[in-house]
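Chemist: Next comes the structure file final.cif, holding mmCIF, C-alpha atoms.
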data_target
loop_
_atom_site.group_PDB
_atom_site.id
_atom_site.type_symbol
_atom_site.label_atom_id
_atom_site.label_comp_id
_atom_site.auth_asym_id
_atom_site.auth_seq_id
_atom_site.Cartn_x
_atom_site.Cartn_y
_atom_site.Cartn_z
ATOM 1 C CA MET A 1 8.428 27.309 -8.677
ATOM 2 C CA GLY A 2 6.312 24.387 -9.956
ATOM 3 C CA CYS A 3 9.345 22.829 -11.683
ATOM 4 C CA ALA A 4 11.518 23.267 -8.606
ATOM 5 C CA LEU A 5 8.804 21.748 -6.428
ATOM 6 C CA ALA A 6 8.429 18.820 -8.790
ATOM 7 C CA ALA A 7 12.186 18.270 -8.691
ATOM 8 C CA LEU A 8 12.183 18.208 -4.888
ATOM 9 C CA LEU A 9 9.170 15.973 -4.489
ATOM 10 C CA THR A 10 9.345 12.365 -5.491
ATOM 11 C CA VAL A 11 6.544 9.887 -5.338
ATOM 12 C CA LEU A 12 6.736 6.144 -5.592
ATOM 13 C CA VAL A 13 3.663 3.993 -5.969
ATOM 14 C CA THR A 14 4.305 0.947 -3.909
ATOM 15 C CA GLY A 15 2.553 -2.311 -4.354
ATOM 16 C CA CYS A 16 4.440 -3.910 -1.485
ATOM 17 C CA GLN A 17 3.792 -7.573 -1.024
ATOM 18 C CA GLN A 18 4.105 -9.165 2.380
ATOM 19 C CA THR A 19 6.469 -12.086 2.427
ATOM 20 C CA SER A 20 7.282 -14.924 4.714
ATOM 21 C CA GLY A 21 10.640 -14.851 6.435
ATOM 22 C CA SER A 22 12.877 -11.872 5.820
ATOM 23 C CA ALA A 23 12.070 -11.178 2.179
ATOM 24 C CA GLY A 24 11.736 -7.702 0.733
ATOM 25 C CA HIS A 25 8.861 -6.334 -1.332
ATOM 26 C CA GLY A 26 8.186 -5.270 -4.901
ATOM 27 C CA THR A 27 7.990 -1.630 -5.954
ATOM 28 C CA LEU A 28 6.549 0.193 -8.942
ATOM 29 C CA SER A 29 7.924 3.624 -9.757
ATOM 30 C CA GLY A 30 5.760 6.680 -10.238
ATOM 31 C CA GLY A 31 6.445 10.283 -11.150
ATOM 32 C CA ALA A 32 6.711 13.494 -9.216
ATOM 33 C CA PRO A 33 3.519 15.166 -8.007
ATOM 34 C CA THR A 34 2.741 18.700 -8.972
ATOM 35 C CA GLN A 35 2.171 21.532 -6.512
ATOM 36 C CA PRO A 36 -0.648 21.040 -3.994
ATOM 37 C CA SER A 37 -3.988 22.462 -5.105
ATOM 38 C CA GLY A 38 -4.012 25.109 -2.377
ATOM 39 C CA GLN A 39 -6.677 23.359 -0.307
ATOM 40 C CA ASP A 40 -4.188 23.140 2.572
ATOM 41 C CA THR A 41 -0.448 23.036 3.199
ATOM 42 C CA VAL A 42 -0.249 19.230 3.261
ATOM 43 C CA PHE A 43 0.038 17.501 -0.076
ATOM 44 C CA LEU A 44 -2.634 14.789 -0.094
ATOM 45 C CA ALA A 45 -4.069 15.064 3.424
ATOM 46 C CA VAL A 46 -6.600 12.510 4.731
ATOM 47 C CA ASN A 47 -9.809 12.416 2.647
ATOM 48 C CA GLU A 48 -8.255 14.328 -0.248
ATOM 49 C CA CYS A 49 -8.054 12.714 -3.660
ATOM 50 C CA SER A 50 -5.380 12.350 -6.299
ATOM 51 C CA SER A 51 -5.411 11.993 -10.040
ATOM 52 C CA PHE A 52 -3.017 9.740 -11.906
ATOM 53 C CA GLY A 53 -0.827 10.596 -14.810
ATOM 54 C CA THR A 54 2.065 8.970 -16.566
ATOM 55 C CA THR A 55 4.617 11.280 -14.939
ATOM 56 C CA SER A 56 2.879 13.014 -12.025
ATOM 57 C CA PHE A 57 0.237 12.767 -9.325
ATOM 58 C CA THR A 58 -1.812 15.802 -8.380
ATOM 59 C CA GLU A 59 -4.430 16.669 -5.814
ATOM 60 C CA ALA A 60 -7.889 16.732 -7.379
ATOM 61 C CA PRO A 61 -11.336 17.418 -5.940
ATOM 62 C CA CYS A 62 -12.833 14.032 -5.076
ATOM 63 C CA SER A 63 -15.929 14.891 -7.131
ATOM 64 C CA SER A 64 -13.778 15.585 -10.201
ATOM 65 C CA GLU A 65 -13.629 13.121 -13.086
ATOM 66 C CA ARG A 66 -9.822 13.383 -12.746
ATOM 67 C CA ALA A 67 -9.922 11.951 -9.192
ATOM 68 C CA ALA A 68 -8.719 8.355 -9.040
ATOM 69 C CA ALA A 69 -7.897 7.567 -5.393
ATOM 70 C CA ARG A 70 -8.590 8.898 -1.876
ATOM 71 C CA VAL A 71 -6.146 9.264 1.024
ATOM 72 C CA ILE A 72 -7.345 7.031 3.867
ATOM 73 C CA ALA A 73 -4.347 7.681 6.153
ATOM 74 C CA ARG A 74 -1.378 10.083 6.022
ATOM 75 C CA HIS A 75 1.801 9.896 8.098
ATOM 76 C CA ASP A 76 5.109 11.756 8.312
ATOM 77 C CA GLY A 77 8.365 9.860 7.882
ATOM 78 C CA ARG A 78 9.006 6.601 6.051
ATOM 79 C CA PRO A 79 6.553 3.669 5.993
ATOM 80 C CA ASP A 80 9.203 1.378 7.509
ATOM 81 C CA ASP A 81 9.466 3.710 10.523
ATOM 82 C CA GLY A 82 5.820 4.748 10.929
ATOM 83 C CA PRO A 83 2.407 3.186 11.486
ATOM 84 C CA PRO A 84 1.270 0.668 8.878
ATOM 85 C CA CYS A 85 -1.418 1.648 6.421
ATOM 86 C CA PRO A 86 -4.964 0.348 7.031
ATOM 87 C CA PRO A 87 -5.430 -3.277 5.907
ATOM 88 C CA THR A 88 -7.438 -2.506 2.748
ATOM 89 C CA THR A 89 -5.057 0.152 1.387
ATOM 90 C CA ASP A 90 -4.688 -0.288 -2.377
ATOM 91 C CA PHE A 91 -1.289 1.428 -2.675
ATOM 92 C CA VAL A 92 1.085 3.807 -0.881
ATOM 93 C CA LEU A 93 2.418 7.110 -2.194
ATOM 94 C CA HIS A 94 5.808 8.074 -0.768
ATOM 95 C CA ILE A 95 6.089 11.870 -0.562
ATOM 96 C CA GLY A 96 9.435 13.666 -0.372
ATOM 97 C CA THR A 97 10.164 16.809 1.649
ATOM 98 C CA GLN A 98 8.873 19.934 -0.107
ATOM 99 C CA PRO A 99 8.353 23.644 0.524
ATOM 100 C CA ALA A 100 4.921 24.539 1.910
ATOM 101 C CA ALA A 101 2.447 25.910 -0.650
ATOM 102 C CA ASP A 102 2.361 29.259 1.193
ATOM 103 C CA GLY A 103 6.171 29.508 1.005
ATOM 104 C CA LYS A 104 6.537 29.383 4.803
ATOM 105 C CA GLY A 105 8.382 26.331 6.064
ATOM 106 C CA THR A 106 8.420 22.855 4.588
ATOM 107 C CA ILE A 107 6.149 19.868 4.379
ATOM 108 C CA PRO A 108 8.013 16.864 5.804
ATOM 109 C CA GLN A 109 8.679 13.560 4.112
ATOM 110 C CA GLY A 110 5.710 11.264 4.482
ATOM 111 C CA TYR A 111 3.446 8.698 2.930
ATOM 112 C CA ALA A 112 -0.209 8.549 1.966
ATOM 113 C CA CYS A 113 -2.237 5.333 2.191
ATOM 114 C CA MET A 114 -4.479 5.347 -0.881
ATOM 115 C CA ARG A 115 -7.757 3.644 -1.801
ATOM 116 C CA ASN A 116 -8.949 3.619 -5.427
ATOM 117 C CA LEU A 117 -12.261 5.413 -5.917
ATOM 118 C CA GLN A 118 -13.401 2.672 -8.314
ATOM 119 C CA PRO A 119 -12.635 -1.064 -8.466
ATOM 120 C CA PRO A 120 -10.376 -2.900 -8.700
ATOM 121 C CA HIS A 121 -9.231 -2.791 -5.091
ATOM 122 C CA PRO A 122 -6.032 -4.841 -4.844
ATOM 123 C CA GLY A 123 -5.940 -4.178 -1.087
ATOM 124 C CA ASP A 124 -9.204 -6.070 -0.465
ATOM 125 C CA PRO A 125 -8.944 -9.664 0.812
ATOM 126 C CA GLY A 126 -8.023 -11.841 -2.162
ATOM 127 C CA GLY A 127 -7.459 -8.802 -4.407
ATOM 128 C CA GLY A 128 -3.875 -9.698 -5.232
ATOM 129 C CA GLY A 129 -2.044 -6.603 -4.054
ATOM 130 C CA GLY A 130 -1.935 -3.756 -1.601
ATOM 131 C CA PRO A 131 0.862 -2.994 0.836
ATOM 132 C CA ARG A 132 -0.275 -5.577 3.418
ATOM 133 C CA THR A 133 -1.121 -9.250 3.298
ATOM 134 C CA ILE A 134 -4.330 -9.838 5.258
ATOM 135 C CA VAL A 135 -6.703 -12.700 6.054
ATOM 136 C CA GLY A 136 -8.373 -13.802 2.827
ATOM 137 C CA ASP A 137 -5.346 -13.025 0.628
ATOM 138 C CA CYS A 138 -3.673 -15.619 -1.561
ATOM 139 C CA VAL A 139 0.044 -16.070 -2.140
ATOM 140 C CA HIS A 140 2.393 -18.005 -4.403
ATOM 141 C CA SER A 141 5.914 -19.265 -3.797
ATOM 142 C CA ALA A 142 8.613 -16.789 -4.810
ATOM 143 C CA GLY A 143 11.631 -18.940 -3.931
ATOM 144 C CA ARG A 144 14.022 -19.039 -0.963
ATOM 145 C CA GLY A 145 11.253 -19.210 1.641
ATOM 146 C CA GLN A 146 9.443 -16.169 0.224
ATOM 147 C CA VAL A 147 5.890 -15.730 -0.987
ATOM 148 C CA ARG A 148 4.176 -12.983 -2.982
ATOM 149 C CA GLU A 149 0.558 -11.995 -2.975
ATOM 150 C CA THR A 150 -1.571 -12.843 -6.024
ATOM 151 C CA ALA A 151 -5.270 -12.607 -6.849
ATOM 152 C CA CYS A 152 -7.284 -15.482 -5.378
ATOM 153 C CA ASP A 153 -9.456 -15.660 -8.518
ATOM 154 C CA GLY A 154 -6.423 -16.614 -10.624
ATOM 155 C CA SER A 155 -6.443 -13.378 -12.634
ATOM 156 C CA GLY A 156 -2.918 -12.416 -11.515
ATOM 157 C CA ARG A 157 0.355 -13.199 -13.257
ATOM 158 C CA ARG A 158 0.870 -16.205 -10.985
ATOM 159 C CA LYS A 159 -1.626 -18.806 -9.849
ATOM 160 C CA PRO A 160 -2.486 -18.767 -6.134
ATOM 161 C CA GLU A 161 -0.985 -21.636 -4.136
ATOM 162 C CA TYR A 162 -2.057 -20.774 -0.566
ATOM 163 C CA GLN A 163 -4.745 -18.685 1.127
ATOM 164 C CA VAL A 164 -4.342 -16.971 4.504
ATOM 165 C CA THR A 165 -7.276 -18.144 6.620
ATOM 166 C CA ARG A 166 -6.385 -16.765 10.038
ATOM 167 C CA ALA A 167 -4.120 -14.223 11.775
ATOM 168 C CA VAL A 168 -2.731 -15.246 15.178
ATOM 169 C CA ARG A 169 -0.011 -14.230 17.629
ATOM 170 C CA SER A 170 2.075 -17.418 17.318
ATOM 171 C CA ARG A 171 2.398 -20.433 15.029
ATOM 172 C CA ALA A 172 1.114 -22.700 17.804
ATOM 173 C CA GLN A 173 -2.310 -21.014 17.462
ATOM 174 C CA CYS A 174 -2.687 -21.982 13.791
ATOM 175 C CA PRO A 175 -4.985 -24.902 12.969
ATOM 176 C CA ALA A 176 -3.451 -28.332 12.200
ATOM 177 C CA SER A 177 -4.417 -27.885 8.519
ATOM 178 C CA THR A 178 -1.950 -24.971 8.145
ATOM 179 C CA ALA A 179 0.460 -25.633 5.266
ATOM 180 C CA LEU A 180 2.331 -22.297 5.348
ATOM 181 C CA TYR A 181 3.043 -19.500 7.835
ATOM 182 C CA VAL A 182 3.011 -15.964 6.402
ATOM 183 C CA GLN A 183 4.456 -12.907 8.156
ATOM 184 C CA LEU A 184 1.764 -10.237 8.689
ATOM 185 C CA ASP A 185 1.716 -6.756 10.242
ATOM 186 C CA GLY A 186 -0.155 -5.860 13.398
ATOM 187 C CA GLU A 187 -0.923 -7.482 16.738
ATOM 188 C CA ASP A 188 -1.400 -10.904 15.125
ATOM 189 C CA PRO A 189 1.784 -11.241 13.036
ATOM 190 C CA VAL A 190 1.404 -14.879 11.941
ATOM 191 C CA GLY A 191 -0.818 -15.756 8.992
ATOM 192 C CA CYS A 192 -2.042 -19.352 8.889
ATOM 193 C CA ALA A 193 -2.380 -20.365 5.232
ATOM 194 C CA ARG A 194 -3.972 -23.445 3.680
ATOM 195 C CA ARG A 195 -2.886 -25.011 0.400
ATOM 196 C CA LEU A 196 -5.302 -24.394 -2.501
#
Take the structure I supplied and represent it as structure tokens, if you would.

Modeler:
Amino acid sequence: MGCALAALLTVLVTGCQQTSGSAGHGTLSGGAPTQPSGQDTVFLAVNECSSFGTTSFTEAPCSSERAAARVIARHDGRPDDGPPCPPTTDFVLHIGTQPAADGKGTIPQGYACMRNLQPPHPGDPGGGGGPRTIVGDCVHSAGRGQVRETACDGSGRRKPEYQVTRAVRSRAQCPASTALYVQLDGEDPVGCARRL
């Protein structure tokens, strides 16, 4: 049953980068998770932890040395259709439909918003990653009116060119020093960015 479950359940680790305009986002591929640990019928429920492997992700007790990240939010459906992850999410696990651990029913497709148990935290302001661009993050030009997030300290693959200093409802609310507008999630969808 474990092999069949692994075949049905796919997980993608997403390091989505917010972009300006209508650009897409980058994705890293992960492996299939193994069967839930039996703690409950939901694979990776809120406050549960996961371990990382080269081909699979498993539930692990948060106190275990195998634990690497904690679920800070869990939703059914696809991230594009559901609520956004909290601002300081480090990465998102996409979870495919699977049979329930007790063999009764199925666990629906969903996604888990994950926070690393130890630094680094790419979802923190200026951290250079995470599924959302937030105030304090830095970006670099990615061509055709797009930007990608990068670490503000310059440790990323690309040097930071702009830093988001404020989130507002409309461009008119940005300060005069704004050099770039960045599309954000949430009630204040415009990021006002200054040139570095």

Chemist: From (-1.6, -6.4, 16.1), in the file's coordinates, out to 12 Å: which residues are reached, counting only C-alpha atoms? Answer as a ChimeraX atom specification.

Modeler: /A:83-84,86-87,134,167-170,183-191

Chemist: Report the distance between CA of Glu149 (chain A) and CA of Thr58 (chain A) in Å, rounded to one decimal place.

Modeler: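 We find that CA of Glu149 (chain A) and CA of Thr58 (chain A) lie 28.4 Å from each other.
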
Chemist: With the file shown as input, list the residues that the PyMOL selection byres ((chain A and resi 195) around 6) selects, as a ChimeraX atom specification.

Modeler: /A:161-162,179,194,196

Chemist: Rounded to one decimal place, report the CA of Tyr111 (chain A)-CA of Arg157 (chain A) distance in Å.

Modeler: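 Computing the Euclidean distance for CA of Tyr111 (chain A) and CA of Arg157 (chain A) yields 27.4 Å.
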
Chemist: Just the residues within 9 Å of Gly77 (chain A), please, counting only C-alpha atoms, with nothing from its chain fewer than 6 positions along; format it as a tab-separated table (two decimals) with C-alpha atoms, in the coordinates of the input.

Modeler:
chain	number	residue	atom	x	y	z
A	95	ILE	CA	6.09	11.87	-0.56
A	108	PRO	CA	8.01	16.86	5.80
A	109	GLN	CA	8.68	13.56	4.11
A	110	GLY	CA	5.71	11.26	4.48
A	111	TYR	CA	3.45	8.70	2.93

Chemist: With the PyMOL selection byres ((chain A and resi 62-69) around 12) as the selection, what would be picked from this file? Answer as a PyMOL selection string, please.

Modeler: chain A and resi 44+46-53+57-61+70-72+89-93+112-121

Chemist: In Å to one decimal, how far is CA of Gln146 (chain A) from CA of His75 (chain A)?

Modeler: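 Taking CA of His75 (chain A) as the start and CA of Gln146 (chain A) as the end point, the length is 28.3 Å.
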
Chemist: Return as an NGL selection string the set of residues that the PyMOL selection byres ((chain A and resi 150) around 7) yields on the displayed structure.

Modeler: :A and (128-129 or 138-140 or 148-149 or 151-152 or 156 or 158 or 160)

Chemist: Rank nothing, just name the residue among A:Asp153, A:Pro175, A:Arg74, A:Ala45 nearest to Pro122 (chain A), using only C-alpha atoms.

Modeler: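 Counting only C-alpha atoms, the residue closest to Pro122 (chain A) is A:Asp153.
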
Chemist: Given 6 Å of margin on each side, can you work out the centre and size in Å (one decimal) of an axis-aligned box holding every listed atom of region 129-135 of chain A, as JSON?

Modeler:
{"center_x": -2.9, "center_y": -7.8, "center_z": 1.0, "size_x": 19.6, "size_y": 21.7, "size_z": 22.1}

Chemist: Choose the residue, out of A:Ala176, A:Ala193, A:Ala142, A:Val42, that has the smallest atom-to-atom separation from Gln163 (chain A); count only C-alpha atoms.

Modeler: A:Ala193

Chemist: Calculated over all atoms listed in the file, which of the candidates A:Thr178, A:Thr165, A:Ser155, A:Gln173 has the smallest distance to Gly136 (chain A)?

Modeler: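 Of all the options, A:Thr165 lies closest to Gly136 (chain A).
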